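Source file start11.csv; content: CSV, C-alpha atoms.
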```
chain,number,residue,atom,x,y,z
A,568,MET,CA,0.0,0.0,0.0
A,569,SER,CA,1.3,3.5,-0.9
A,570,MET,CA,2.1,5.8,2.0
A,571,GLN,CA,0.1,8.4,0.1
A,572,GLU,CA,-3.4,6.9,0.3
A,573,LEU,CA,-5.7,4.8,2.4
A,574,PRO,CA,-7.4,1.8,0.8
A,575,VAL,CA,-10.9,2.4,-0.4
A,576,LEU,CA,-13.0,-0.2,1.4
A,577,ASP,CA,-16.5,-1.2,0.7
A,578,GLN,CA,-18.9,0.0,3.4
A,579,GLY,CA,-20.1,-3.6,3.8
A,580,GLU,CA,-16.6,-5.1,4.6
A,581,ALA,CA,-16.0,-6.3,8.1
A,582,CYS,CA,-13.0,-4.0,8.6
A,583,CYS,CA,-15.2,-0.9,8.1
A,584,ALA,CA,-17.8,-1.9,10.6
A,585,GLY,CA,-16.3,0.6,13.1
A,586,LEU,CA,-14.1,0.7,16.2
A,587,THR,CA,-16.8,-0.8,18.3
A,588,SER,CA,-17.2,-4.0,16.3
A,589,ALA,CA,-13.7,-5.4,16.6
A,590,PRO,CA,-10.2,-4.2,17.7
A,591,LEU,CA,-8.1,-2.7,14.9
A,592,ALA,CA,-5.1,-4.6,13.6
A,593,GLU,CA,-1.8,-3.0,14.3
A,594,ALA,CA,-1.1,-1.9,10.7
A,595,GLU,CA,-4.7,-0.5,10.3
A,596,ALA,CA,-4.3,1.4,13.5
A,597,ALA,CA,-1.0,2.9,12.4
A,598,GLU,CA,-2.4,4.0,9.1
A,599,LEU,CA,-5.5,5.5,10.6
A,600,ALA,CA,-3.4,7.3,13.3
A,601,ARG,CA,-1.3,8.9,10.5
A,602,VAL,CA,-4.5,10.3,8.9
A,603,PHE,CA,-6.0,11.5,12.1
A,604,LYS,CA,-2.7,13.1,13.0
A,605,ALA,CA,-2.9,15.1,9.8
A,606,LEU,CA,-6.4,16.2,10.8
A,607,GLY,CA,-5.2,17.1,14.4
A,608,ASP,CA,-3.9,20.5,13.4
A,609,PRO,CA,-6.4,23.4,13.2
A,610,VAL,CA,-4.9,24.9,10.1
A,611,ARG,CA,-5.0,21.5,8.2
A,612,LEU,CA,-8.5,20.9,9.4
A,613,ARG,CA,-9.6,24.3,8.1
A,614,LEU,CA,-7.7,23.8,4.8
A,615,LEU,CA,-9.5,20.5,4.3
A,616,SER,CA,-12.8,22.0,5.2
A,617,MET,CA,-12.3,24.9,2.8
A,618,ILE,CA,-11.3,22.6,-0.1
A,619,ALA,CA,-14.0,20.0,0.6
A,620,SER,CA,-16.8,22.5,0.9
A,621,ARG,CA,-15.9,24.5,-2.2
A,622,GLU,CA,-18.5,24.5,-4.9
A,623,GLY,CA,-17.0,22.7,-7.9
A,624,GLY,CA,-14.9,20.5,-5.6
A,625,GLU,CA,-11.5,22.2,-6.1
A,626,MET,CA,-9.6,25.2,-4.9
A,627,CYS,CA,-6.5,27.1,-6.0
A,628,VAL,CA,-3.7,27.6,-3.6
A,629,CYS,CA,-3.9,31.2,-4.4
A,630,GLU,CA,-7.3,31.3,-2.8
A,631,LEU,CA,-6.3,29.3,0.3
A,632,THR,CA,-3.2,31.3,1.3
A,633,PRO,CA,-4.9,34.6,2.0
A,634,ALA,CA,-7.4,33.0,4.4
A,635,PHE,CA,-4.6,32.4,6.9
A,636,ASP,CA,-2.1,34.6,8.7
A,637,LEU,CA,0.7,32.3,7.7
A,638,ALA,CA,3.5,32.4,5.1
A,639,GLN,CA,2.9,30.6,1.8
A,640,PRO,CA,5.6,28.0,2.5
A,641,THR,CA,3.8,27.1,5.7
A,642,ILE,CA,0.5,26.7,3.9
A,643,SER,CA,2.2,24.5,1.3
A,644,HIS,CA,3.7,22.4,4.0
A,645,HIS,CA,0.2,21.8,5.6
A,646,LEU,CA,-1.2,20.9,2.1
A,647,LYS,CA,1.6,18.5,1.6
A,648,LEU,CA,0.8,16.7,4.9
A,649,LEU,CA,-2.8,16.5,3.9
A,650,ARG,CA,-1.8,15.0,0.5
A,651,GLN,CA,0.6,12.5,2.2
A,652,ALA,CA,-2.3,11.4,4.4
A,653,GLY,CA,-4.5,10.8,1.4
A,654,LEU,CA,-7.1,13.4,2.2
A,655,ILE,CA,-6.5,15.7,-0.8
A,656,ASP,CA,-4.9,15.6,-4.2
A,657,CYS,CA,-3.7,18.3,-6.5
A,658,GLU,CA,-2.7,19.2,-10.0
A,659,ARG,CA,-0.5,22.0,-11.3
A,660,ARG,CA,-2.1,24.3,-13.9
A,661,GLY,CA,0.4,26.8,-15.1
A,662,THR,CA,1.8,28.6,-12.1
A,663,TRP,CA,-1.0,27.6,-9.8
A,664,VAL,CA,-1.8,24.3,-8.0
A,665,TYR,CA,-5.4,23.3,-7.6
A,666,TYR,CA,-6.5,21.0,-4.7
A,667,TRP,CA,-9.5,18.7,-4.2
A,668,ALA,CA,-10.6,16.5,-1.4
A,669,LEU,CA,-10.6,12.7,-1.8
A,670,PRO,CA,-14.1,11.6,-0.6
A,671,SER,CA,-13.2,8.0,-0.5
A,672,THR,CA,-10.7,8.6,2.3
A,673,MET,CA,-13.1,10.7,4.3
A,674,GLU,CA,-15.8,8.0,3.8
A,675,SER,CA,-13.4,5.4,5.1
A,676,LEU,CA,-12.7,7.5,8.2
A,677,ALA,CA,-16.4,8.0,8.8
A,678,ALA,CA,-17.0,4.3,8.5
A,679,VAL,CA,-14.4,3.5,11.1
A,680,LEU,CA,-15.9,6.1,13.5
A,681,ARG,CA,-19.5,5.2,12.8
A,682,ALA,CA,-21.3,3.9,16.0
A,683,PRO,CA,-23.5,0.9,15.5
A,684,GLN,CA,-27.3,1.6,15.3
A,685,ARG,CA,-29.0,0.1,18.4
```
Could you rewrite the structure in this file as structure tokens?
Amino acid sequence: MSMQELPVLDQGEACCAGLTSAPLAEAEAAELARVFKALGDPVRLRLLSMIASREGGEMCVCELTPAFDLAQPTISHHLKLLRQAGLIDCERRGTWVYYWALPSTMESLAAVLRAPQR
């Protein structure tokens, strides 16, 4: 498995039943912890929210940077960590880089956290 992305799992698979159905395997816990660590920073969480909620599904880095009182290299570092966690992806178009959220990763995280219906 690539260090850049989480596996996309079918919602019906046993491993996606959630934390309350069975203990996580060591490798799965390590991979999930890496993704949750990326989300553990308020700037990265805001960046992901801005990108994911954007109409059209993508956002230029030129629109993200002014929303923060941080230098452009710092924003780029946070975006890189979100990419490495498999939460976003990007594409360079001319001088600008456009980012979009990867719904499959967020759905996998949601499936792990989902509490069973009682």
**Message:** Let me make sure I understand: among A:Ala589, A:Leu615, A:Val664, A:Leu646, which one has the smallest atom-to-atom distance to Cys629 in chain A if we use all atoms listed in the file?
**Reply:** A:Val664
**Request:** Write out as a list of chain:residue names which residues come within 12 Å of Arg613 in chain A when counting all atoms listed in the file, dropping same-chain ones fewer than 2 positions away.
**Result:** A:Ala605, A:Leu606, A:Gly607, A:Asp608, A:Pro609, A:Val610, A:Arg611, A:Leu615, A:Ser616, A:Met617, A:Ile618, A:Ala619, A:Ser620, A:Leu631, A:Thr632, A:Ala634, A:Phe635, A:Ile642, A:His645, A:Leu646, A:Leu649
**Item:** Atom-to-atom span, CA of Arg659 in chain A and CA of Pro633 in chain A, Å
**Value:**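 Spanning CA of Arg659 in chain A to CA of Pro633 in chain A is a straight-line distance of 18.8 Å.
Among the candidates A:Ala592, A:Thr641, A:Ala682, A:Leu614, the residue lying nearest to Ile655 in chain A is A:Leu614 (atoms considered: only C-alpha atoms).
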**Prompt:** So what do you get for CA of Phe603 in chain A versus CA of Leu654 in chain A, distance-wise?
**Reply:** 10.1 Å
**Message:** What does the structure give for the distance between CA of Glu598 in chain A and CA of Gly653 in chain A, in Å to one decimal?
**Reply:** 10.5 Å
**Prompt:** Using all atoms listed in the file, which of the listed residues (A:Cys657, A:Asp636, A:Glu625, A:Ala652) sits closest to Leu676 in chain A?
**Reply:**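 Looking at the shortest contact to Leu676 in chain A, the residue is A:Ala652.
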**Asked** Hey, which of A:Met673, A:Met626, A:Ala600, A:Ala678 ends up closest to Leu586 in chain A? Count only C-alpha atoms.
**Response**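 Comparing A:Met673, A:Met626, A:Ala600, A:Ala678 against Leu586 in chain A, the winner is A:Ala678.
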**Request:** Tell me, as an MDAnalysis selection string, which residues lie within 6 Å of Gly585 in chain A, counting only C-alpha atoms; anything in the same chain fewer than 2 positions away does not count.
**Result:** chainID A and resid 583 587:588 678:681
**Asked** Counting all atoms listed in the file, what is within 10 Å of Glu658 in chain A, bar same-chain residues fewer than 5 positions away, as an MDAnalysis selection string?
**Response** chainID A and resid 627 663:667
**Item:** Residue with smallest distance to Thr672 in chain A - pool A:Gly624, A:Leu591, A:Arg650, A:Ala596, counting all atoms listed in the file
**Value:** A:Arg650
